[in-house]
file input06.pdb (PDB, C-alpha atoms)
ATOM      1  CA  MET A   1      -4.908  73.442  37.099
ATOM      2  CA  ARG A   2      -2.798  75.189  39.735
ATOM      3  CA  ILE A   3      -0.195  73.243  41.650
ATOM      4  CA  ARG A   4       0.932  74.446  45.072
ATOM      5  CA  VAL A   5       4.444  73.797  46.304
ATOM      6  CA  ALA A   6       5.368  74.031  49.979
ATOM      7  CA  ALA A   7       7.375  77.159  50.745
ATOM      8  CA  THR A   8      10.194  76.527  53.204
ATOM      9  CA  VAL A   9      11.786  79.493  54.922
ATOM     10  CA  LEU A  10      15.120  78.502  56.429
ATOM     11  CA  SER A  11      15.488  81.562  58.639
ATOM     12  CA  GLY A  12      13.654  80.743  61.851
ATOM     13  CA  ALA A  13      12.813  77.278  60.492
ATOM     14  CA  VAL A  14       9.364  78.471  59.457
ATOM     15  CA  VAL A  15       7.672  75.981  57.146
ATOM     16  CA  LEU A  16       4.628  77.233  55.266
ATOM     17  CA  SER A  17       3.109  74.046  53.888
ATOM     18  CA  ALA A  18       1.400  75.621  50.869
ATOM     19  CA  LEU A  19       0.264  78.313  53.326
ATOM     20  CA  ALA A  20      -2.668  76.340  54.679
ATOM     21  CA  VAL A  21      -5.286  79.042  54.504
ATOM     22  CA  PRO A  22      -8.614  79.186  52.641
ATOM     23  CA  VAL A  23      -7.128  80.507  49.396
ATOM     24  CA  ALA A  24      -4.866  77.499  48.950
ATOM     25  CA  ALA A  25      -7.783  75.103  49.268
ATOM     26  CA  GLN A  26      -9.753  76.976  46.636
ATOM     27  CA  ALA A  27      -7.051  77.282  43.983
ATOM     28  CA  ALA A  28      -7.629  73.910  42.344
ATOM     29  CA  SER A  29      -9.118  75.202  39.088
ATOM     30  CA  ARG A  30      -9.779  78.382  37.113
ATOM     31  CA  PRO A  31     -13.594  78.347  37.540
ATOM     32  CA  SER A  32     -13.142  78.894  41.306
ATOM     33  CA  VAL A  33     -11.400  82.247  40.908
ATOM     34  CA  LYS A  34     -14.363  84.223  42.255
ATOM     35  CA  ALA A  35     -14.486  82.058  45.371
ATOM     36  CA  GLN A  36     -10.697  82.193  45.660
ATOM     37  CA  LEU A  37     -10.670  85.990  45.531
ATOM     38  CA  SER A  38     -13.480  86.388  48.064
ATOM     39  CA  SER A  39     -11.862  83.834  50.360
ATOM     40  CA  PHE A  40      -8.502  85.615  50.274
ATOM     41  CA  SER A  41     -10.099  88.999  50.872
ATOM     42  CA  ALA A  42     -12.384  87.842  53.684
ATOM     43  CA  HIS A  43      -9.565  85.909  55.346
ATOM     44  CA  SER A  44      -7.246  88.913  55.231
ATOM     45  CA  VAL A  45      -9.861  91.277  56.678
ATOM     46  CA  SER A  46     -10.642  88.799  59.448
ATOM     47  CA  ALA A  47      -6.964  88.448  60.289
ATOM     48  CA  ALA A  48      -6.513  92.211  60.385
ATOM     49  CA  HIS A  49      -9.479  92.648  62.738
ATOM     50  CA  ALA A  50      -8.131  89.912  64.986
ATOM     51  CA  ALA A  51      -4.772  91.674  65.137
ATOM     52  CA  ASN A  52      -6.360  94.984  66.054
ATOM     53  CA  SER A  53     -10.002  94.766  67.017
ATOM     54  CA  ALA A  54     -10.221  98.531  67.518
ATOM     55  CA  GLN A  55      -9.273  99.237  63.919
ATOM     56  CA  THR A  56     -11.841  99.489  61.147
ATOM     57  CA  VAL A  57     -10.369  97.827  58.084
ATOM     58  CA  ARG A  58     -11.702  97.752  54.553
ATOM     59  CA  PRO A  59     -10.106  95.625  51.811
ATOM     60  CA  LYS A  60      -9.500  98.588  49.554
ATOM     61  CA  ASP A  61      -7.409 100.327  52.218
ATOM     62  CA  GLY A  62      -4.708  97.677  51.985
ATOM     63  CA  ILE A  63      -4.252  95.469  55.032
ATOM     64  CA  GLY A  64      -1.525  93.348  56.555
ATOM     65  CA  THR A  65       2.228  93.685  56.872
ATOM     66  CA  ILE A  66       2.883  93.737  53.119
ATOM     67  CA  THR A  67       2.349  96.914  51.114
ATOM     68  CA  PHE A  68       1.526  96.439  47.433
ATOM     69  CA  SER A  69       2.174  99.243  44.939
ATOM     70  CA  LYS A  70       3.071 100.185  41.349
ATOM     71  CA  GLY A  71       0.582  97.802  39.749
ATOM     72  CA  VAL A  72       0.683  97.800  35.936
ATOM     73  CA  VAL A  73      -1.462  95.507  33.773
ATOM     74  CA  ASN A  74      -0.328  94.522  30.263
ATOM     75  CA  GLY A  75       2.211  97.310  30.162
ATOM     76  CA  GLY A  76      -0.631  99.835  30.347
ATOM     77  CA  LYS A  77      -2.053  98.661  27.012
ATOM     78  CA  ASP A  78      -5.618  97.501  26.328
ATOM     79  CA  ILE A  79      -6.340  93.773  26.429
ATOM     80  CA  VAL A  80      -8.467  93.087  23.343
ATOM     81  CA  LEU A  81     -10.186  89.710  23.158
ATOM     82  CA  GLY A  82     -12.150  88.084  20.369
ATOM     83  CA  THR A  83     -14.420  85.099  20.857
ATOM     84  CA  THR A  84     -11.617  82.533  20.822
ATOM     85  CA  THR A  85      -8.568  84.629  21.735
ATOM     86  CA  ASN A  86      -5.952  83.005  23.966
ATOM     87  CA  LYS A  87      -3.732  85.689  25.447
ATOM     88  CA  SER A  88      -1.019  85.799  28.108
ATOM     89  CA  VAL A  89      -1.232  89.062  30.040
ATOM     90  CA  THR A  90       1.517  90.156  32.430
ATOM     91  CA  ALA A  91       0.918  92.290  35.507
ATOM     92  CA  THR A  92       3.824  93.761  37.459
ATOM     93  CA  TYR A  93       3.822  95.199  40.959
ATOM     94  CA  THR A  94       5.995  95.830  44.011
ATOM     95  CA  ALA A  95       5.570  94.073  47.363
ATOM     96  CA  THR A  96       7.243  95.682  50.389
ATOM     97  CA  SER A  97       7.505  94.149  53.860
ATOM     98  CA  SER A  98      10.037  94.245  56.688
ATOM     99  CA  SER A  99       8.746  90.754  57.555
ATOM    100  CA  GLY A 100       9.639  89.387  54.111
ATOM    101  CA  VAL A 101       7.347  88.005  51.423
ATOM    102  CA  ALA A 102       6.692  84.269  51.207
ATOM    103  CA  LEU A 103       3.949  84.186  48.583
ATOM    104  CA  THR A 104       1.649  86.496  46.641
ATOM    105  CA  GLU A 105      -1.559  85.960  44.684
ATOM    106  CA  ALA A 106      -2.852  88.114  41.812
ATOM    107  CA  PHE A 107      -6.403  88.661  40.556
ATOM    108  CA  LEU A 108      -8.111  90.781  37.911
ATOM    109  CA  TRP A 109     -11.645  91.529  39.003
ATOM    110  CA  GLN A 110     -14.759  93.682  38.676
ATOM    111  CA  GLY A 111     -17.309  94.505  41.336
ATOM    112  CA  THR A 112     -17.747  96.472  44.539
ATOM    113  CA  ASP A 113     -16.504  94.206  47.332
ATOM    114  CA  PRO A 114     -13.982  91.373  46.787
ATOM    115  CA  SER A 115     -14.830  89.687  50.095
ATOM    116  CA  SER A 116     -18.185  88.395  48.821
ATOM    117  CA  THR A 117     -18.930  86.374  45.706
ATOM    118  CA  ASP A 118     -22.267  88.218  45.509
ATOM    119  CA  THR A 119     -20.495  91.523  44.813
ATOM    120  CA  ILE A 120     -17.829  90.198  42.428
ATOM    121  CA  THR A 121     -19.141  90.462  38.872
ATOM    122  CA  GLY A 122     -16.012  89.164  37.176
ATOM    123  CA  ALA A 123     -12.746  87.531  38.232
ATOM    124  CA  LEU A 124      -9.625  86.138  36.562
ATOM    125  CA  GLY A 125      -6.730  84.358  38.247
ATOM    126  CA  THR A 126      -3.288  83.068  37.357
ATOM    127  CA  ASP A 127      -2.351  79.446  36.643
ATOM    128  CA  ASP A 128       0.820  79.752  38.709
ATOM    129  CA  ASP A 129       1.849  81.880  41.649
ATOM    130  CA  PRO A 130       3.460  85.207  40.718
ATOM    131  CA  VAL A 131       7.241  85.365  40.794
ATOM    132  CA  CYS A 132       8.651  87.868  43.290
ATOM    133  CA  THR A 133      12.351  88.755  43.463
ATOM    134  CA  GLU A 134      13.836  90.706  46.345
ATOM    135  CA  SER A 135      15.893  93.778  45.524
ATOM    136  CA  THR A 136      19.642  93.412  45.932
ATOM    137  CA  THR A 137      19.863  96.958  47.276
ATOM    138  CA  GLN A 138      16.623  97.336  49.286
ATOM    139  CA  THR A 139      15.843  94.710  51.900
ATOM    140  CA  GLY A 140      12.171  93.736  51.984
ATOM    141  CA  VAL A 141      11.344  95.240  48.561
ATOM    142  CA  TYR A 142      10.225  92.681  45.970
ATOM    143  CA  SER A 143       9.590  93.106  42.257
ATOM    144  CA  CYS A 144       6.766  90.783  41.231
ATOM    145  CA  LYS A 145       5.331  89.490  37.975
ATOM    146  CA  ALA A 146       2.034  87.652  37.511
ATOM    147  CA  VAL A 147       0.883  86.040  34.260
ATOM    148  CA  PHE A 148      -2.812  85.720  33.429
ATOM    149  CA  ASN A 149      -3.418  83.160  30.675
ATOM    150  CA  ILE A 150      -6.814  84.312  29.429
ATOM    151  CA  HIS A 151      -8.920  82.012  27.243
ATOM    152  CA  ALA A 152     -11.786  84.150  25.976
ATOM    153  CA  ALA A 153     -14.080  81.254  25.058
ATOM    154  CA  THR A 154     -14.129  79.943  28.635
ATOM    155  CA  ASP A 155     -12.770  82.601  30.978
ATOM    156  CA  MET A 156     -14.897  85.494  29.689
ATOM    157  CA  LYS A 157     -18.184  83.644  29.189
ATOM    158  CA  ASN A 158     -20.683  85.102  31.671
ATOM    159  CA  ASN A 159     -17.738  86.486  33.631
ATOM    160  CA  GLY A 160     -17.508  90.236  33.972
ATOM    161  CA  ALA A 161     -17.978  92.912  31.350
ATOM    162  CA  ALA A 162     -15.768  94.757  28.909
ATOM    163  CA  GLY A 163     -14.194  97.856  30.386
ATOM    164  CA  THR A 164     -12.083  98.526  33.471
ATOM    165  CA  TRP A 165     -10.825  95.633  35.617
ATOM    166  CA  LYS A 166      -8.964  96.083  38.903
ATOM    167  CA  LEU A 167      -5.735  94.384  39.932
ATOM    168  CA  ALA A 168      -5.971  92.855  43.410
ATOM    169  CA  ILE A 169      -2.965  91.365  45.185
ATOM    170  CA  GLY A 170      -2.867  89.195  48.297
ATOM    171  CA  GLY A 171       0.110  87.700  50.028
ATOM    172  CA  TYR A 172       1.741  86.229  53.111
ATOM    173  CA  ASP A 173       4.868  87.297  54.942
ATOM    174  CA  LEU A 174       7.370  84.825  56.374
ATOM    175  CA  SER A 175       5.221  84.427  59.493
ATOM    176  CA  ALA A 176       2.168  83.502  57.388
ATOM    177  CA  SER A 177       0.395  86.805  58.167
ATOM    178  CA  ALA A 178      -2.054  87.704  55.413
ATOM    179  CA  SER A 179      -2.067  90.954  53.448
ATOM    180  CA  PHE A 180      -4.446  92.179  50.766
ATOM    181  CA  ASP A 181      -5.125  95.191  48.564
ATOM    182  CA  ASP A 182      -8.044  95.084  46.127
ATOM    183  CA  ASN A 183      -6.949  97.834  43.746
ATOM    184  CA  ILE A 184      -3.300  98.626  43.094
ATOM    185  CA  GLY A 185      -3.850  99.251  39.396
ATOM    186  CA  THR A 186      -6.350  98.838  36.601
ATOM    187  CA  GLY A 187      -6.448  97.346  33.127
ATOM    188  CA  LYS A 188      -8.841  97.643  30.204
ATOM    189  CA  ILE A 189     -10.289  94.395  28.829
ATOM    190  CA  LYS A 190     -12.109  95.100  25.579
ATOM    191  CA  LYS A 191     -14.113  93.200  22.994
ATOM    192  CA  ALA A 192     -12.505  92.797  19.581
ATOM    193  CA  SER A 193     -14.329  94.404  16.657
ATOM    194  CA  LYS A 194     -14.417  93.604  12.950
ATOM    195  CA  LEU A 195     -15.189  95.674   9.868
ATOM    196  CA  THR A 196     -15.957  94.862   6.240
ATOM    197  CA  ALA A 197     -16.064  97.158   3.208
ATOM    198  CA  ASP A 198     -17.359  96.722  -0.346
ATOM    199  CA  ALA A 199     -17.160  99.516  -2.912
ATOM    200  CA  THR A 200     -19.330  99.306  -6.056
ATOM    201  CA  PRO A 201     -19.615  99.524  -9.024
ATOM    202  CA  GLU A 202     -16.216  98.442 -10.247
ATOM    203  CA  PRO A 203     -15.034  99.624 -12.703
ATOM    204  CA  VAL A 204     -16.689 103.046 -12.588
ATOM    205  CA  LYS A 205     -16.508 106.184 -14.712
ATOM    206  CA  LYS A 206     -14.783 109.221 -13.229
ATOM    207  CA  GLY A 207     -17.285 111.548 -11.538
ATOM    208  CA  LYS A 208     -19.882 108.828 -11.057
ATOM    209  CA  THR A 209     -21.154 107.687  -7.649
ATOM    210  CA  ILE A 210     -19.459 104.928  -5.696
ATOM    211  CA  THR A 211     -21.470 103.203  -2.977
ATOM    212  CA  VAL A 212     -19.496 101.768  -0.088
ATOM    213  CA  THR A 213     -21.218  99.270   2.202
ATOM    214  CA  GLY A 214     -19.994  97.226   5.117
ATOM    215  CA  LYS A 215     -20.692  96.035   8.640
ATOM    216  CA  LEU A 216     -19.294  96.692  12.105
ATOM    217  CA  THR A 217     -19.421  93.771  14.534
ATOM    218  CA  ARG A 218     -17.835  92.980  17.885
ATOM    219  CA  ALA A 219     -17.175  89.891  19.981
ATOM    220  CA  ASN A 220     -19.958  88.521  22.158
ATOM    221  CA  TRP A 221     -18.127  86.439  24.771
ATOM    222  CA  ASN A 222     -21.304  84.798  26.051
ATOM    223  CA  THR A 223     -22.487  83.460  22.677
ATOM    224  CA  GLY A 224     -19.077  82.980  21.085
ATOM    225  CA  THR A 225     -20.099  84.974  18.009
ATOM    226  CA  TYR A 226     -19.613  88.460  16.552
ATOM    227  CA  SER A 227     -22.733  90.633  16.821
ATOM    228  CA  GLY A 228     -23.689  93.792  14.954
ATOM    229  CA  TYR A 229     -22.488  96.946  16.736
ATOM    230  CA  ALA A 230     -24.931  99.758  15.978
ATOM    231  CA  SER A 231     -24.878 103.517  16.685
ATOM    232  CA  GLN A 232     -21.082 103.773  16.464
ATOM    233  CA  LYS A 233     -19.069 106.367  14.556
ATOM    234  CA  VAL A 234     -17.071 104.895  11.667
ATOM    235  CA  GLN A 235     -14.769 106.683   9.235
ATOM    236  CA  LEU A 236     -14.764 106.129   5.487
ATOM    237  CA  GLN A 237     -11.171 106.307   4.273
ATOM    238  CA  TYR A 238      -9.535 106.365   0.837
ATOM    239  CA  ARG A 239      -6.055 106.071  -0.627
ATOM    240  CA  LYS A 240      -4.968 106.521  -4.213
ATOM    241  CA  LYS A 241      -3.450 103.578  -6.029
ATOM    242  CA  SER A 242      -0.079 105.341  -6.066
ATOM    243  CA  SER A 243      -0.169 106.215  -2.342
ATOM    244  CA  THR A 244       0.438 104.302   0.899
ATOM    245  CA  THR A 245      -1.558 106.694   3.080
ATOM    246  CA  TYR A 246      -5.285 106.666   3.764
ATOM    247  CA  THR A 247      -7.214 109.883   4.296
ATOM    248  CA  THR A 248     -10.616 110.201   5.961
ATOM    249  CA  LEU A 249     -13.398 111.299   3.607
ATOM    250  CA  LYS A 250     -16.314 111.337   6.046
ATOM    251  CA  THR A 251     -17.683 109.909   9.291
ATOM    252  CA  ILE A 252     -20.925 107.935   9.359
ATOM    253  CA  THR A 253     -22.913 106.088  12.027
ATOM    254  CA  ALA A 254     -23.455 102.339  11.991
ATOM    255  CA  GLY A 255     -27.123 101.440  11.623
ATOM    256  CA  THR A 256     -29.175  98.455  12.685
ATOM    257  CA  GLY A 257     -27.025  95.372  13.126
ATOM    258  CA  GLY A 258     -23.911  97.469  12.539
ATOM    259  CA  ALA A 259     -24.781  98.111   8.879
ATOM    260  CA  LEU A 260     -22.735 100.765   7.040
ATOM    261  CA  LYS A 261     -23.588 102.537   3.796
ATOM    262  CA  THR A 262     -22.447 105.758   2.189
ATOM    263  CA  THR A 263     -21.582 107.268  -1.208
ATOM    264  CA  VAL A 264     -18.701 109.233  -2.728
ATOM    265  CA  LYS A 265     -17.750 110.538  -6.161
ATOM    266  CA  ALA A 266     -15.205 108.552  -8.149
ATOM    267  CA  THR A 267     -12.013 110.561  -8.698
ATOM    268  CA  ALA A 268      -9.136 108.160  -9.346
ATOM    269  CA  ASP A 269      -8.114 104.517  -8.993
ATOM    270  CA  GLY A 270      -7.844 103.640  -5.335
ATOM    271  CA  TYR A 271      -8.945 101.777  -2.230
ATOM    272  CA  TYR A 272     -11.890 102.432   0.082
ATOM    273  CA  ARG A 273     -12.211 101.146   3.631
ATOM    274  CA  PHE A 274     -13.995 101.758   6.931
ATOM    275  CA  SER A 275     -12.139 102.420  10.182
ATOM    276  CA  PHE A 276     -13.406 102.260  13.784
ATOM    277  CA  THR A 277     -11.473 103.780  16.675
ATOM    278  CA  THR A 278     -11.429 102.223  20.124
ATOM    279  CA  ASN A 279     -13.878 103.169  22.865
ATOM    280  CA  ALA A 280     -14.278 102.244  26.540
ATOM    281  CA  THR A 281     -15.386  98.661  25.843
ATOM    282  CA  THR A 282     -14.342  97.816  22.283
ATOM    283  CA  GLY A 283     -11.060  97.577  20.424
ATOM    284  CA  ALA A 284     -10.298  99.391  17.172
ATOM    285  CA  SER A 285     -10.609  97.746  13.772
ATOM    286  CA  THR A 286     -10.055  98.568  10.115
ATOM    287  CA  ALA A 287     -11.529  96.877   7.073
ATOM    288  CA  THR A 288      -9.392  95.642   4.218
ATOM    289  CA  GLY A 289      -9.308  98.266   1.478
ATOM    290  CA  ASP A 290     -11.555  97.499  -1.537
ATOM    291  CA  TYR A 291     -10.055  98.573  -4.861
ATOM    292  CA  VAL A 292     -12.039 100.533  -7.438
ATOM    293  CA  ASP A 293     -10.872 101.007 -11.014
ATOM    294  CA  VAL A 294     -11.874 104.492 -12.228
ATOM    295  CA  ARG A 295     -11.995 104.983 -16.009
TER     296      ARG A 295
END
call {"tool": "encode", "arguments": {"input": "input06.pdb", "output": "structure tokens"}}
result
Amino acid sequence: MRIRVAATVLSGAVVLSALAVPVAAQAASRPSVKAQLSSFSAHSVSAAHAANSAQTVRPKDGIGTITFSKGVVNGGKDIVLGTTTNKSVTATYTATSSSGVALTEAFLWQGTDPSSTDTITGALGTDDDPVCTESTTQTGVYSCKAVFNIHAATDMKNNGAAGTWKLAIGGYDLSASASFDDNIGTGKIKKASKLTADATPEPVKKGKTITVTGKLTRANWNTGTYSGYASQKVQLQYRKKSSTTYTTLKTITAGTGGALKTTVKATADGYYRFSFTTNATTGASTATGDYVDVR
């Protein structure tokens, strides 16, 4: 639940009572984020047209008196979510305005046009307003931080897809003029993956065949389960009992339901595991090494 607090600007005695615009009315709960984003975007575009009816303005061009820049999501690192992951993700950005900055709003979203709920395929908002601090050396330049508390089981269910999400920022200057930019940075939200590995027989005679089986699965946010992830490249790795380093023996492809199976010759006591590297939609994973006693 988001709680709005009236913003009082002493200079000029301007009182922005929770900035009474559509976005404030729609910020009551997390499920309304899509409507909140579209409302903010549509309101900002409308305000920009009213200010200059001869100007053609699109949300992605950045509109209003505030310029948003230097958007970074999660420090540039992937956001990997399992089926029940709860994760706090920080986004940082700069807001610049000669008219000051009273309030900003931050959204992570997917789609083609943020001004319509029909063209927003996924949206995430913050529980609290971002914190913006004005520079002590540059008047009108604010360093801002927004925190997205993402609960995979509820926030990701039927909401967007794994891959690239855009960072959109809206805000109001000290005269309550709206500004908006729908893409000042991007972040990768990926599904968590899991791997298993089982090497048999154990023990085994030196030179005999070892069969290594396993399974590659990844999070399904809609069902809340891990589903088999087929047709993906997975590495079989091995380390000797006396070593701390794994080496790759071969690369195989996951079959139906993410099934993995391959064979190697037994050489010495050691551990076998499967390893999957990240791709555009899925995080990396590594199975626990399975020990084989070679005699």
call {"tool": "resolve_selection", "arguments": {"input": "input06.pdb", "expression": "the PyMOL selection byres ((chain A and resi 270) around 7)", "output": "PyMOL selection string"}}
result
chain A and resi 238-241+268-269+271-272+291-293
call {"tool": "resolve_selection", "arguments": {"input": "input06.pdb", "expression": "the PyMOL selection byres ((chain A and resi 226) around 12)", "output": "NGL selection string"}}
result
:A and (81-84 or 191-195 or 215-225 or 227-229 or 257-258)
call {"tool": "atom_distance", "arguments": {"input": "input06.pdb", "atom1": "CA of Asp78 in chain A", "atom2": "CA of Lys157 in chain A"}}
result
18.9 Å
call {"tool": "closest_residue", "arguments": {"input": "input06.pdb", "among": "A:Ser44, A:Thr186, A:Gln232, A:Ser99", "to": "Ile66 in chain A", "atoms": "all atoms listed in the file"}}
result
A:Ser99
call {"tool": "closest_residue", "arguments": {"input": "input06.pdb", "among": "A:Ser231, A:Thr92, A:Ser275, A:Thr154", "to": "Pro130 in chain A", "atoms": "all atoms listed in the file"}}
result
A:Thr92
call {"tool": "atom_distance", "arguments": {"input": "input06.pdb", "atom1": "CA of Phe148 in chain A", "atom2": "CA of Leu167 in chain A"}}
result
11.2 Å
call {"tool": "residues_around", "arguments": {"input": "input06.pdb", "residues": "Val73 in chain A", "least_positions_apart": "2", "cutoff": "6 Å", "atoms": "only C-alpha atoms", "output": "ChimeraX atom specification"}}
result
/A:75-76,91,187
call {"tool": "write_last_selection", "arguments": {"input": "input06.pdb", "atoms": "C-alpha atoms", "output": "compact mmCIF listing (two decimals), in the frame of the given file"}}
result
# COMPACT_ATOMS: atom_id res chain seq x y z
CA GLY A 75 2.21 97.31 30.16
CA GLY A 76 -0.63 99.84 30.35
CA ALA A 91 0.92 92.29 35.51
CA GLY A 187 -6.45 97.35 33.13
call {"tool": "residues_near_point", "arguments": {"input": "input06.pdb", "point": "(-22.2, 88.8, 35.1)", "cutoff": "9 Å", "atoms": "only C-alpha atoms", "output": "list in words"}}
result
Ile120, Thr121, Gly122, Lys157, Asn158, Asn159, Gly160 and Ala161 of chain A
call {"tool": "resolve_selection", "arguments": {"input": "input06.pdb", "expression": "the PyMOL selection byres ((chain A and resi 253) around 7)", "output": "ChimeraX atom specification"}}
result
/A:231-234,252,254-255
call {"tool": "atom_distance", "arguments": {"input": "input06.pdb", "atom1": "CA of Ile150 in chain A", "atom2": "CA of Thr286 in chain A"}}
result
24.2 Å
call {"tool": "residues_around", "arguments": {"input": "input06.pdb", "residues": "Thr164 in chain A", "least_positions_apart": "5", "cutoff": "9 Å", "atoms": "all atoms listed in the file", "output": "VMD selection string"}}
result
chain A and resid 109 to 110 186 to 190 280 to 281
call {"tool": "residues_around", "arguments": {"input": "input06.pdb", "residues": "Leu174 in chain A", "least_positions_apart": "2", "cutoff": "7 Å", "atoms": "all atoms listed in the file", "output": "ChimeraX atom specification"}}
result
/A:99-102,172,176
